[in-house]
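Shown here: start_20.txt, compact mmCIF, C-alpha atoms.
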# COMPACT_ATOMS: atom_id res chain seq x y z
CA MET A 234 0.00 0.00 0.00
CA THR A 235 1.63 3.22 -1.09
CA ARG A 236 1.17 6.41 0.82
CA ASP A 237 1.85 10.07 0.76
CA GLU A 238 4.75 10.99 2.99
CA SER A 239 5.97 14.33 4.33
CA ARG A 240 8.63 15.09 6.89
CA THR A 241 8.38 17.42 9.88
CA GLU A 242 10.98 18.35 12.50
CA LEU A 243 9.74 15.55 14.72
CA GLY A 244 9.54 12.84 12.09
CA ALA A 245 7.68 11.57 9.08
CA VAL A 246 3.96 11.90 8.49
CA LYS A 247 2.49 9.24 6.28
CA ILE A 248 -1.02 9.39 4.92
CA TYR A 249 -2.20 6.09 3.55
CA LYS A 250 -4.31 5.92 0.44
CA SER A 251 -6.97 4.12 2.45
CA ALA A 252 -7.19 7.16 4.75
CA ILE A 253 -7.64 9.43 1.75
CA ALA A 254 -10.28 7.03 0.41
CA SER A 255 -12.12 7.23 3.74
CA VAL A 256 -12.17 11.03 3.54
CA VAL A 257 -13.53 10.75 -0.01
CA ASP A 258 -16.17 8.25 1.12
CA ILE A 259 -17.39 10.50 3.94
CA ALA A 260 -17.36 13.63 1.76
CA ALA A 261 -19.32 11.89 -0.99
CA ASN A 262 -21.94 10.57 1.41
CA GLU A 263 -22.48 14.03 2.89
CA ILE A 264 -24.16 15.20 -0.31
CA ALA A 265 -27.92 14.87 -0.58
CA GLY A 266 -28.82 12.51 -3.38
CA VAL A 267 -25.90 10.13 -2.86
CA LYS A 268 -27.06 6.67 -1.92
CA GLY A 269 -23.55 5.44 -1.31
CA VAL A 270 -20.24 4.49 -2.84
CA GLY A 271 -20.57 1.73 -5.42
CA THR A 272 -19.51 -1.79 -4.59
CA THR A 273 -18.34 -4.80 -6.53
CA PHE A 274 -18.59 -8.51 -5.86
CA PHE A 275 -15.04 -8.43 -4.50
CA SER A 276 -15.72 -5.65 -2.00
CA ARG A 277 -18.88 -7.40 -0.81
CA LEU A 278 -16.93 -10.63 -0.46
CA MET A 279 -14.27 -8.85 1.58
CA LEU A 280 -16.95 -7.32 3.79
CA PHE A 281 -18.42 -10.78 4.29
CA PHE A 282 -15.05 -11.88 5.65
CA GLY A 283 -14.98 -8.84 7.93
CA LYS A 284 -12.47 -6.82 5.94
CA GLU A 285 -13.52 -3.49 4.50
CA HIS A 286 -12.53 -2.83 0.91
CA THR A 287 -13.44 0.37 -0.85
CA GLU A 288 -13.82 0.77 -4.58
CA ILE A 289 -12.54 4.35 -4.38
CA LYS A 290 -9.25 4.53 -6.27
CA VAL A 291 -6.62 7.01 -5.11
CA THR A 292 -3.57 7.81 -7.23
CA ILE A 293 -0.77 10.06 -6.07
CA ASP A 294 1.62 11.32 -8.71
CA PRO A 295 5.29 12.28 -8.06
CA ARG A 296 4.26 15.91 -7.61
CA PHE A 297 1.96 14.85 -4.75
CA GLU A 298 -1.18 15.61 -6.69
CA ILE A 299 -4.08 13.29 -6.04
CA SER A 300 -6.39 11.76 -8.61
CA ILE A 301 -9.55 10.14 -7.36
CA ASP A 302 -11.98 7.69 -8.97
CA VAL A 303 -15.28 7.35 -7.14
CA PRO A 304 -18.02 4.93 -8.13
CA LEU A 305 -21.38 6.20 -6.88
CA VAL A 306 -24.97 5.13 -6.56
CA ILE A 307 -27.36 8.07 -6.80
CA LYS A 308 -30.79 8.23 -5.23
CA TYR A 309 -33.75 8.18 -7.58
CA GLY A 310 -35.29 11.60 -8.25
CA TYR A 311 -32.09 13.65 -8.08
CA ASN A 312 -30.39 15.36 -11.00
CA VAL A 313 -27.31 13.21 -11.58
CA PRO A 314 -24.91 15.83 -13.04
CA GLU A 315 -25.79 18.31 -10.29
CA VAL A 316 -25.19 15.72 -7.56
CA CYS A 317 -21.90 14.68 -9.19
CA ILE A 318 -20.63 18.26 -9.37
CA ARG A 319 -21.51 18.82 -5.71
CA VAL A 320 -19.78 15.56 -4.79
CA GLN A 321 -16.63 16.61 -6.68
CA GLU A 322 -16.60 19.99 -4.97
CA ASN A 323 -17.16 18.52 -1.52
CA ILE A 324 -14.42 15.92 -2.01
CA ARG A 325 -11.99 18.59 -3.21
CA VAL A 326 -12.71 20.83 -0.20
CA ALA A 327 -12.54 17.91 2.25
CA LEU A 328 -9.23 16.62 0.87
CA GLU A 329 -7.58 20.01 0.78
CA LYS A 330 -8.79 20.73 4.30
CA THR A 331 -7.75 17.41 5.81
CA THR A 332 -4.57 16.51 3.94
CA ASN A 333 -3.25 19.79 2.49
CA LEU A 334 -2.66 17.94 -0.76
CA SER A 335 -3.74 19.41 -4.05
CA VAL A 336 -6.33 17.49 -6.00
CA LYS A 337 -5.73 16.98 -9.70
CA THR A 338 -8.90 15.19 -10.84
CA ILE A 339 -11.95 13.69 -9.24
CA ASP A 340 -13.62 11.29 -11.64
CA VAL A 341 -17.10 10.20 -10.66
CA HIS A 342 -18.65 7.06 -12.12
CA VAL A 343 -22.36 6.66 -11.58
CA GLN A 344 -22.89 2.93 -11.28
CA GLY A 345 -26.56 2.94 -10.50
CA ILE A 346 -29.68 4.80 -9.51
CA ALA A 347 -31.47 3.40 -6.50
CA LYS A 348 -34.70 4.09 -4.71
CA GLU A 349 -34.57 5.43 -1.17
CA ALA A 350 -35.62 2.09 0.29
CA ASP A 351 -33.30 -0.05 -1.88
CA LYS A 352 -30.29 -1.52 -0.22
CA MET B 161 -3.68 -5.16 -17.17
CA ARG B 162 -2.60 -5.91 -20.72
CA ILE B 163 -0.25 -8.64 -19.46
CA PHE B 164 -3.13 -10.18 -17.56
CA ASN B 165 -5.26 -10.17 -20.73
CA VAL B 166 -2.48 -11.82 -22.75
CA LEU B 167 -1.96 -14.42 -19.99
CA GLY B 168 -5.68 -15.12 -19.87
CA ILE B 169 -5.93 -15.55 -23.63
CA LEU B 170 -2.84 -17.79 -23.66
CA PHE B 171 -4.26 -19.82 -20.79
CA TYR B 172 -7.56 -20.46 -22.55
CA ALA B 173 -5.85 -21.07 -25.90
CA GLY B 174 -3.54 -23.58 -24.19
CA ILE B 175 -6.43 -25.45 -22.61
CA LEU B 176 -8.36 -25.57 -25.89
CA ILE B 177 -5.26 -26.79 -27.76
CA LEU B 178 -4.73 -29.51 -25.13
CA ILE B 179 -8.36 -30.62 -25.44
CA GLY B 180 -8.00 -30.63 -29.24
CA ILE B 181 -4.79 -32.68 -29.12
CA GLY B 182 -6.42 -35.07 -26.64
CA MET B 183 -9.38 -35.59 -28.98
CA ILE B 184 -7.13 -36.17 -32.01
CA VAL B 185 -4.95 -38.63 -30.08
CA PHE B 186 -8.09 -40.42 -28.92
CA ALA B 187 -9.48 -40.51 -32.46
CA PHE B 188 -6.27 -42.08 -33.81
CA ASN B 189 -6.49 -44.73 -31.13
CA LEU B 190 -3.15 -43.68 -29.64
CA LEU B 191 -4.75 -43.25 -26.25
CA HIS B 192 -6.81 -46.00 -24.68
CA PRO B 193 -9.60 -45.51 -22.18
CA GLN B 194 -7.60 -47.67 -19.76
CA ASP B 195 -4.73 -45.16 -19.83
CA ILE B 196 -7.10 -42.35 -18.87
CA PHE B 197 -8.68 -44.53 -16.24
CA SER B 198 -5.32 -45.50 -14.73
CA PHE B 199 -4.21 -41.85 -14.76
CA LEU B 200 -7.41 -40.83 -12.96
CA GLU B 201 -6.92 -43.69 -10.52
CA TYR B 202 -3.36 -42.51 -9.84
CA LEU B 203 -4.68 -38.98 -9.20
CA GLN B 204 -7.09 -40.30 -6.63
CA SER B 205 -4.67 -42.74 -5.04
CA THR B 206 -2.75 -40.48 -2.66
CA MET B 207 -3.72 -37.60 -0.46
CA SER B 208 -1.14 -35.25 -2.00
CA THR B 209 -2.30 -35.77 -5.61
CA ARG B 210 -5.91 -35.27 -4.53
CA ALA B 211 -4.94 -32.05 -2.75
CA ILE B 212 -3.05 -30.81 -5.84
CA LEU B 213 -6.03 -31.68 -8.03
CA GLY B 214 -8.48 -29.89 -5.74
CA LEU B 215 -6.31 -26.79 -5.47
CA SER B 216 -5.79 -26.73 -9.24
CA GLY B 217 -9.56 -26.87 -9.69
CA LEU B 218 -10.01 -23.98 -7.28
CA LEU B 219 -7.32 -21.98 -9.07
CA LEU B 220 -9.00 -22.62 -12.43
CA ILE B 221 -12.32 -21.37 -11.07
CA LEU B 222 -10.66 -18.23 -9.68
CA ILE B 223 -8.82 -17.51 -12.95
CA SER B 224 -12.00 -18.01 -14.98
CA TYR B 225 -13.98 -15.83 -12.63
CA SER B 226 -11.48 -12.97 -12.63
CA PHE B 227 -11.16 -13.15 -16.41
CA ALA B 228 -14.93 -13.07 -16.85
CA GLN B 229 -15.15 -10.14 -14.41
CA LEU B 230 -12.52 -8.28 -16.41
CA ILE B 231 -14.33 -8.76 -19.70
CA LEU B 232 -17.77 -7.99 -18.27
CA GLY B 233 -16.40 -5.00 -16.38
CA ARG B 234 -14.92 -3.61 -19.56
CA MET B 235 -18.19 -4.12 -21.42
CA GLU B 236 -19.98 -2.27 -18.63
CA ARG B 237 -17.40 0.51 -18.65
CA GLU B 238 -17.83 1.02 -22.37
CA LYS B 239 -21.55 1.53 -21.90
CA THR B 240 -21.40 4.93 -20.29
CA ILE B 241 -22.34 8.54 -20.89
CA ALA B 242 -19.50 10.86 -19.94
CA PHE B 243 -19.11 14.59 -19.51
CA LYS B 244 -16.31 16.73 -18.23
CA ASN B 245 -16.32 19.49 -15.69
CA PRO B 246 -13.45 21.44 -14.07
CA SER B 247 -13.01 18.89 -11.26
CA GLY B 248 -12.84 15.82 -13.47
CA VAL B 249 -14.91 13.41 -15.52
CA VAL B 250 -18.38 12.13 -14.65
CA THR B 251 -19.40 8.88 -16.26
CA ILE B 252 -22.92 7.54 -15.93
CA SER B 253 -23.38 3.86 -16.52
CA LEU B 254 -26.14 3.17 -19.03
CA SER B 255 -27.24 0.25 -16.89
CA ALA B 256 -28.02 2.85 -14.20
CA ILE B 257 -30.41 4.55 -16.61
CA GLU B 258 -31.85 1.17 -17.55
CA GLY B 259 -32.48 0.52 -13.85
CA LEU B 260 -34.21 3.87 -13.57
CA ILE B 261 -36.50 3.15 -16.54
CA GLN B 262 -37.31 -0.27 -15.16
CA GLN B 263 -38.85 1.37 -12.12
CA PHE B 264 -41.60 2.88 -14.32
CA VAL B 265 -43.46 -0.43 -14.12
CA ASN B 266 -44.55 0.67 -10.66
CA PHE B 267 -46.02 3.93 -11.98
CA MET B 268 -48.14 2.47 -14.76
CA PRO B 269 -50.55 -0.33 -13.82
CA GLU B 270 -51.05 -1.21 -17.51
CA LEU B 271 -47.46 -2.42 -17.72
CA LYS B 272 -46.73 -6.01 -16.84
CA GLU B 273 -43.04 -6.05 -17.62
CA LEU B 274 -40.52 -3.59 -19.01
CA ARG B 275 -37.05 -4.34 -20.35
CA PRO B 276 -35.04 -1.29 -21.40
CA ASP B 277 -31.84 -1.16 -23.42
CA VAL B 278 -30.09 2.21 -23.53
CA ILE B 279 -27.57 3.11 -26.23
CA ALA B 280 -25.57 6.33 -26.39
CA SER B 281 -24.89 7.29 -30.00
CA LYS B 282 -24.00 10.39 -31.98
CA LYS B 283 -27.72 10.96 -32.64
CA GLY B 284 -28.37 11.12 -28.92
CA ILE B 285 -29.57 8.67 -26.32
CA ILE B 286 -31.54 5.81 -27.82
CA VAL B 287 -33.83 3.92 -25.48
CA ASN B 288 -35.22 0.63 -26.74
CA VAL B 289 -37.98 -0.63 -24.48
CA LYS B 290 -39.58 -4.06 -24.67
CA VAL B 291 -42.87 -4.15 -22.83
CA SER B 292 -45.46 -6.68 -21.83
CA LEU B 293 -48.91 -5.13 -21.47
CA ARG B 294 -52.22 -5.95 -19.94
CA MET B 295 -55.12 -6.40 -22.39
CA GLU B 296 -57.24 -3.42 -21.37
CA ALA B 297 -54.56 -0.88 -22.27
CA ASN B 298 -55.10 1.55 -25.15
CA LEU B 299 -51.89 1.04 -27.06
CA PRO B 300 -51.33 4.40 -28.84
CA GLU B 301 -52.27 6.37 -25.76
CA LEU B 302 -50.23 4.19 -23.43
CA THR B 303 -47.09 4.12 -25.57
CA ALA B 304 -47.22 7.90 -26.05
CA ARG B 305 -47.57 8.34 -22.29
CA LEU B 306 -44.70 5.91 -21.64
CA GLN B 307 -42.45 7.67 -24.17
CA GLU B 308 -43.20 11.02 -22.60
CA LEU B 309 -42.58 9.70 -19.10
CA ILE B 310 -39.25 8.08 -20.03
CA LYS B 311 -38.11 11.19 -21.90
CA THR B 312 -39.00 13.56 -19.07
CA LYS B 313 -37.48 11.41 -16.35
CA VAL B 314 -34.26 10.67 -18.23
CA GLN B 315 -33.82 14.35 -19.08
CA GLU B 316 -34.61 15.32 -15.49
CA VAL B 317 -32.15 12.85 -14.01
CA LEU B 318 -29.35 13.40 -16.50
CA GLY B 319 -29.97 17.14 -16.73
CA THR B 320 -29.25 16.91 -20.43
CA GLU B 321 -30.90 18.58 -23.38
CA GLU B 322 -29.54 15.90 -25.68
CA GLN B 323 -32.01 14.24 -28.01
CA ILE B 324 -33.64 11.17 -26.52
CA ILE B 325 -35.11 8.68 -28.96
CA ILE B 326 -37.50 6.19 -27.42
CA ARG B 327 -38.45 3.07 -29.31
CA ILE B 328 -41.13 0.90 -27.79
CA HIS B 329 -41.55 -2.70 -28.78
CA ILE B 330 -44.61 -4.46 -27.42
CA SER B 331 -43.56 -8.05 -27.02
CA LYS B 332 -46.57 -9.46 -25.22
CA ILE B 333 -50.15 -8.59 -24.36
CA ILE B 334 -51.59 -10.60 -21.52
CA SER B 335 -55.36 -11.09 -21.66
CA GLN B 336 -57.65 -10.81 -18.67
CA GLU B 337 -58.57 -14.51 -18.94
CA GLU B 338 -54.96 -15.56 -18.87
CA ARG B 339 -54.29 -13.35 -15.88
CA ASP B 340 -57.30 -14.81 -14.04
CA ARG B 341 -56.17 -18.32 -14.87
CA ARG B 342 -52.66 -17.61 -13.60
CA LYS B 343 -54.07 -16.05 -10.46
CA LYS B 344 -56.26 -19.10 -9.81
CA GLU B 345 -53.34 -21.41 -10.40
CA SER B 346 -51.15 -19.53 -7.97
CA ILE B 347 -53.93 -19.54 -5.32
CA LYS B 348 -54.42 -23.26 -5.87
CA GLU B 349 -50.71 -23.88 -5.48
CA GLU B 350 -50.58 -21.83 -2.32
CA HIS B 351 -53.35 -23.81 -0.63
CA THR B 352 -52.07 -27.26 -1.54
CA ILE B 353 -50.89 -29.11 1.53
CA PRO B 354 -48.07 -31.54 0.80
CA TYR B 355 -49.32 -35.14 1.15
CA GLY B 356 -52.72 -33.63 2.04
CA GLY B 357 -54.65 -36.45 0.44
CA PHE B 358 -52.27 -39.16 1.51
CA GLY B 359 -53.88 -41.96 3.49
CA ARG B 360 -57.46 -40.79 2.87
CA VAL B 361 -59.97 -43.26 1.56
What is this structure when it is put down as structure tokens?
Amino acid sequence: MTRDESRTELGAVKIYKSAIASVVDIAANEIAGVKGVGTTFFSRLMLFFGKEHTEIKVTIDPRFEISIDVPLVIKYGYNVPEVCIRVQENIRVALEKTTNLSVKTIDVHVQGIAKEADK
Amino acid sequence: MRIFNVLGILFYAGILILIGIGMIVFAFNLLHPQDIFSFLEYLQSTMSTRAILGLSGLLLILISYSFAQLILGRMEREKTIAFKNPSGVVTISLSAIEGLIQQFVNFMPELKELRPDVIASKKGIIVNVKVSLRMEANLPELTARLQELIKTKVQEVLGTEEQIIIRIHISKIISQEERDRRKKESIKEEHTIPYGGFGRV
């Protein structure tokens, strides 16, 4: 698992990609109209075995710029592009606030549209 | 990922070639059923060979599954509508729109079944819908209403002004009699007690 690393006077600070993915997950779910982050068979299988696996992909380039890929499920009745733009904005703000890293791209993939009651 | 694809193709090609060679060898009578039988017997004879065989089987299943996932995933990925904005790209899976259209069955009681197929082309978004209807429906009125509903909802959800072409194909019309018959059958089935008549004179 690769991570972003920066050095302070006291030592190194490492931010794991999984931590960045968690921030992305929370920021995406904060937006009204987002049902949740998309899952695959593999992530559901991992969850079954008690290990969390997110489908959010985080890439950090040599210039410490982050690229994010987020699969999403949107709630029925919401305007998809509007929700996606708000998700992108919220993720950007959350990442810059929490990690001080600059965000290069946030690619959103709408995997499905689900009713409120659907699981 | 390309290496994985090449390995997968080589793997399947190898297996097919082996099967082909095996069949040719068998056809030329170079391989006897006894040889196969003795080989299978040898495989089952010790614990270690059985373990190797079982693990190989498991590995084959995993390889096949991951390869199928890769192909299906790519097919799914290709079926998307994408647009760019300053923060990045947004792709909307066409199966998501299909899922949305499928929910219209709940809004229109005249619909029995609805199977949408969404295609994104240069002309715009093409929605092919196969529907099963109930007999009492007025077809021109119903199809016009369905087209309007799909168009409005898809435009509303996607927020796009792109042209949406909706083609409706009525595949089945279920008559009232048939529906009653099916209903009766299902009620009958529900009330049947297993071995209910057993032992009665």
- Item | Point-to-point distance from CA of Ile326 in chain B to CA of Ile252 in chain B, Å rounded to tenths |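 Separating CA of Ile326 in chain B from CA of Ile252 in chain B is a distance of 18.6 Å.
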Using all atoms listed in the file, which residues sit within 10 Å of range 282-292 of chain A once same-chain residues fewer than 5 positions away are excluded, as a PDB file with C-alpha atoms, in the frame of the given file?
ATOM      1  CA  THR A 235       1.630   3.220  -1.090  1.00  0.00           C
ATOM      2  CA  ARG A 236       1.170   6.410   0.820  1.00  0.00           C
ATOM      3  CA  ASP A 237       1.850  10.070   0.760  1.00  0.00           C
ATOM      4  CA  TYR A 249      -2.200   6.090   3.550  1.00  0.00           C
ATOM      5  CA  LYS A 250      -4.310   5.920   0.440  1.00  0.00           C
ATOM      6  CA  SER A 251      -6.970   4.120   2.450  1.00  0.00           C
ATOM      7  CA  ALA A 252      -7.190   7.160   4.750  1.00  0.00           C
ATOM      8  CA  ILE A 253      -7.640   9.430   1.750  1.00  0.00           C
ATOM      9  CA  ALA A 254     -10.280   7.030   0.410  1.00  0.00           C
ATOM     10  CA  SER A 255     -12.120   7.230   3.740  1.00  0.00           C
ATOM     11  CA  VAL A 257     -13.530  10.750  -0.010  1.00  0.00           C
ATOM     12  CA  ASP A 258     -16.170   8.250   1.120  1.00  0.00           C
ATOM     13  CA  VAL A 270     -20.240   4.490  -2.840  1.00  0.00           C
ATOM     14  CA  GLY A 271     -20.570   1.730  -5.420  1.00  0.00           C
ATOM     15  CA  THR A 272     -19.510  -1.790  -4.590  1.00  0.00           C
ATOM     16  CA  THR A 273     -18.340  -4.800  -6.530  1.00  0.00           C
ATOM     17  CA  PHE A 275     -15.040  -8.430  -4.500  1.00  0.00           C
ATOM     18  CA  SER A 276     -15.720  -5.650  -2.000  1.00  0.00           C
ATOM     19  CA  ARG A 277     -18.880  -7.400  -0.810  1.00  0.00           C
ATOM     20  CA  PHE A 297       1.960  14.850  -4.750  1.00  0.00           C
ATOM     21  CA  GLU A 298      -1.180  15.610  -6.690  1.00  0.00           C
ATOM     22  CA  ILE A 299      -4.080  13.290  -6.040  1.00  0.00           C
ATOM     23  CA  SER A 300      -6.390  11.760  -8.610  1.00  0.00           C
ATOM     24  CA  ILE A 301      -9.550  10.140  -7.360  1.00  0.00           C
ATOM     25  CA  ASP A 302     -11.980   7.690  -8.970  1.00  0.00           C
ATOM     26  CA  VAL A 303     -15.280   7.350  -7.140  1.00  0.00           C
ATOM     27  CA  PRO A 304     -18.020   4.930  -8.130  1.00  0.00           C
ATOM     28  CA  LEU A 305     -21.380   6.200  -6.880  1.00  0.00           C
ATOM     29  CA  LYS A 337      -5.730  16.980  -9.700  1.00  0.00           C
ATOM     30  CA  THR A 338      -8.900  15.190 -10.840  1.00  0.00           C
ATOM     31  CA  ILE A 339     -11.950  13.690  -9.240  1.00  0.00           C
ATOM     32  CA  ASP A 340     -13.620  11.290 -11.640  1.00  0.00           C
ATOM     33  CA  VAL A 341     -17.100  10.200 -10.660  1.00  0.00           C
TER      34      VAL A 341
END
- Message: For a quick test of understanding: name the residues of chain A lying within 8 Å of chain B when counting all atoms listed in the file, and present them as a list in words.
- Response: Tyr309, Gly310, Tyr311, Asn312, Val313, Pro314, Glu315, Cys317, Ile318, Gln321, Glu322, Lys337, Thr338, Ile339, Asp340, Val341, His342, Val343, Gln344, Gly345, Ile346 and Ala347 of chain A
Would you write out those residues with C-alpha atoms, as a PDB file, in the coordinates of the input?
ATOM      1  CA  TYR A 309     -33.750   8.180  -7.580  1.00  0.00           C
ATOM      2  CA  GLY A 310     -35.290  11.600  -8.250  1.00  0.00           C
ATOM      3  CA  TYR A 311     -32.090  13.650  -8.080  1.00  0.00           C
ATOM      4  CA  ASN A 312     -30.390  15.360 -11.000  1.00  0.00           C
ATOM      5  CA  VAL A 313     -27.310  13.210 -11.580  1.00  0.00           C
ATOM      6  CA  PRO A 314     -24.910  15.830 -13.040  1.00  0.00           C
ATOM      7  CA  GLU A 315     -25.790  18.310 -10.290  1.00  0.00           C
ATOM      8  CA  CYS A 317     -21.900  14.680  -9.190  1.00  0.00           C
ATOM      9  CA  ILE A 318     -20.630  18.260  -9.370  1.00  0.00           C
ATOM     10  CA  GLN A 321     -16.630  16.610  -6.680  1.00  0.00           C
ATOM     11  CA  GLU A 322     -16.600  19.990  -4.970  1.00  0.00           C
ATOM     12  CA  LYS A 337      -5.730  16.980  -9.700  1.00  0.00           C
ATOM     13  CA  THR A 338      -8.900  15.190 -10.840  1.00  0.00           C
ATOM     14  CA  ILE A 339     -11.950  13.690  -9.240  1.00  0.00           C
ATOM     15  CA  ASP A 340     -13.620  11.290 -11.640  1.00  0.00           C
ATOM     16  CA  VAL A 341     -17.100  10.200 -10.660  1.00  0.00           C
ATOM     17  CA  HIS A 342     -18.650   7.060 -12.120  1.00  0.00           C
ATOM     18  CA  VAL A 343     -22.360   6.660 -11.580  1.00  0.00           C
ATOM     19  CA  GLN A 344     -22.890   2.930 -11.280  1.00  0.00           C
ATOM     20  CA  GLY A 345     -26.560   2.940 -10.500  1.00  0.00           C
ATOM     21  CA  ILE A 346     -29.680   4.800  -9.510  1.00  0.00           C
ATOM     22  CA  ALA A 347     -31.470   3.400  -6.500  1.00  0.00           C
TER      23      ALA A 347
END
- Item | CA of Leu274 in chain B to CA of Ile328 in chain B, distance in Å rounded to a single decimal |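 One can read the CA of Leu274 in chain B to CA of Ile328 in chain B distance as 9.9 Å.
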- Distance query 8 Å from (-49.0, -8.3, -23.1) using only C-alpha atoms, result as a VMD selection string: chain B and resid 272 291 to 295 330 to 335
- Message: Report, in Å with one decimal, the straight-line distance from CA of Phe227 in chain B to CA of Gly168 in chain B.
- Response: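 Result for CA of Phe227 in chain B versus CA of Gly168 in chain B: 6.8 Å, one decimal.
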Centre, x/y/z edge lengths, axis-aligned box for range 200-218 of chain B with 6 Å per side, as lines of an AutoDock Vina configuration file:
center_x = -5.6
center_y = -33.8
center_z = -6.7
size_x = 20.9
size_y = 31.7
size_z = 24.5
- Tell me which of A:Arg296, A:Lys268, A:Arg325, A:Phe281 sits closest to Val256 in chain A, counting all atoms listed in the file. A:Arg325
Using the partial input, fill out range 175-188 of chain B with N, CA, C and O atoms; write the result as a tab-separated table (two decimals), in the frame of the given file.
chain	number	residue	atom	x	y	z
B	175	ILE	N	-5.48	-24.41	-23.03
B	175	ILE	CA	-6.43	-25.45	-22.61
B	175	ILE	C	-7.19	-26.01	-23.81
B	175	ILE	O	-7.32	-27.23	-23.97
B	176	LEU	N	-7.62	-25.11	-24.71
B	176	LEU	CA	-8.36	-25.57	-25.89
B	176	LEU	C	-7.48	-26.42	-26.80
B	176	LEU	O	-7.92	-27.44	-27.34
B	177	ILE	N	-6.20	-26.01	-26.93
B	177	ILE	CA	-5.26	-26.79	-27.76
B	177	ILE	C	-5.08	-28.18	-27.15
B	177	ILE	O	-5.12	-29.19	-27.85
B	178	LEU	N	-4.92	-28.22	-25.82
B	178	LEU	CA	-4.73	-29.51	-25.13
B	178	LEU	C	-5.94	-30.42	-25.34
B	178	LEU	O	-5.78	-31.62	-25.61
B	179	ILE	N	-7.13	-29.83	-25.23
B	179	ILE	CA	-8.36	-30.62	-25.44
B	179	ILE	C	-8.38	-31.14	-26.88
B	179	ILE	O	-8.68	-32.32	-27.14
B	180	GLY	N	-8.03	-30.24	-27.82
B	180	GLY	CA	-8.00	-30.63	-29.24
B	180	GLY	C	-7.03	-31.76	-29.48
B	180	GLY	O	-7.38	-32.76	-30.15
B	181	ILE	N	-5.81	-31.63	-28.93
B	181	ILE	CA	-4.79	-32.68	-29.12
B	181	ILE	C	-5.30	-34.00	-28.53
B	181	ILE	O	-5.20	-35.06	-29.14
B	182	GLY	N	-5.89	-33.89	-27.32
B	182	GLY	CA	-6.42	-35.07	-26.64
B	182	GLY	C	-7.45	-35.78	-27.51
B	182	GLY	O	-7.43	-37.02	-27.65
B	183	MET	N	-8.32	-35.00	-28.14
B	183	MET	CA	-9.38	-35.59	-28.98
B	183	MET	C	-8.78	-36.26	-30.22
B	183	MET	O	-9.21	-37.35	-30.61
B	184	ILE	N	-7.77	-35.59	-30.82
B	184	ILE	CA	-7.13	-36.17	-32.01
B	184	ILE	C	-6.43	-37.48	-31.66
B	184	ILE	O	-6.58	-38.51	-32.34
B	185	VAL	N	-5.69	-37.44	-30.54
B	185	VAL	CA	-4.95	-38.63	-30.08
B	185	VAL	C	-5.93	-39.77	-29.83
B	185	VAL	O	-5.70	-40.92	-30.19
B	186	PHE	N	-7.07	-39.43	-29.22
B	186	PHE	CA	-8.09	-40.42	-28.92
B	186	PHE	C	-8.69	-40.98	-30.20
B	186	PHE	O	-8.92	-42.19	-30.32
B	187	ALA	N	-8.89	-40.08	-31.19
B	187	ALA	CA	-9.48	-40.51	-32.46
B	187	ALA	C	-8.56	-41.45	-33.22
B	187	ALA	O	-9.02	-42.38	-33.88
B	188	PHE	N	-7.25	-41.22	-33.13
B	188	PHE	CA	-6.27	-42.08	-33.81
B	188	PHE	C	-5.94	-43.34	-33.02
B	188	PHE	O	-5.01	-44.06	-33.36
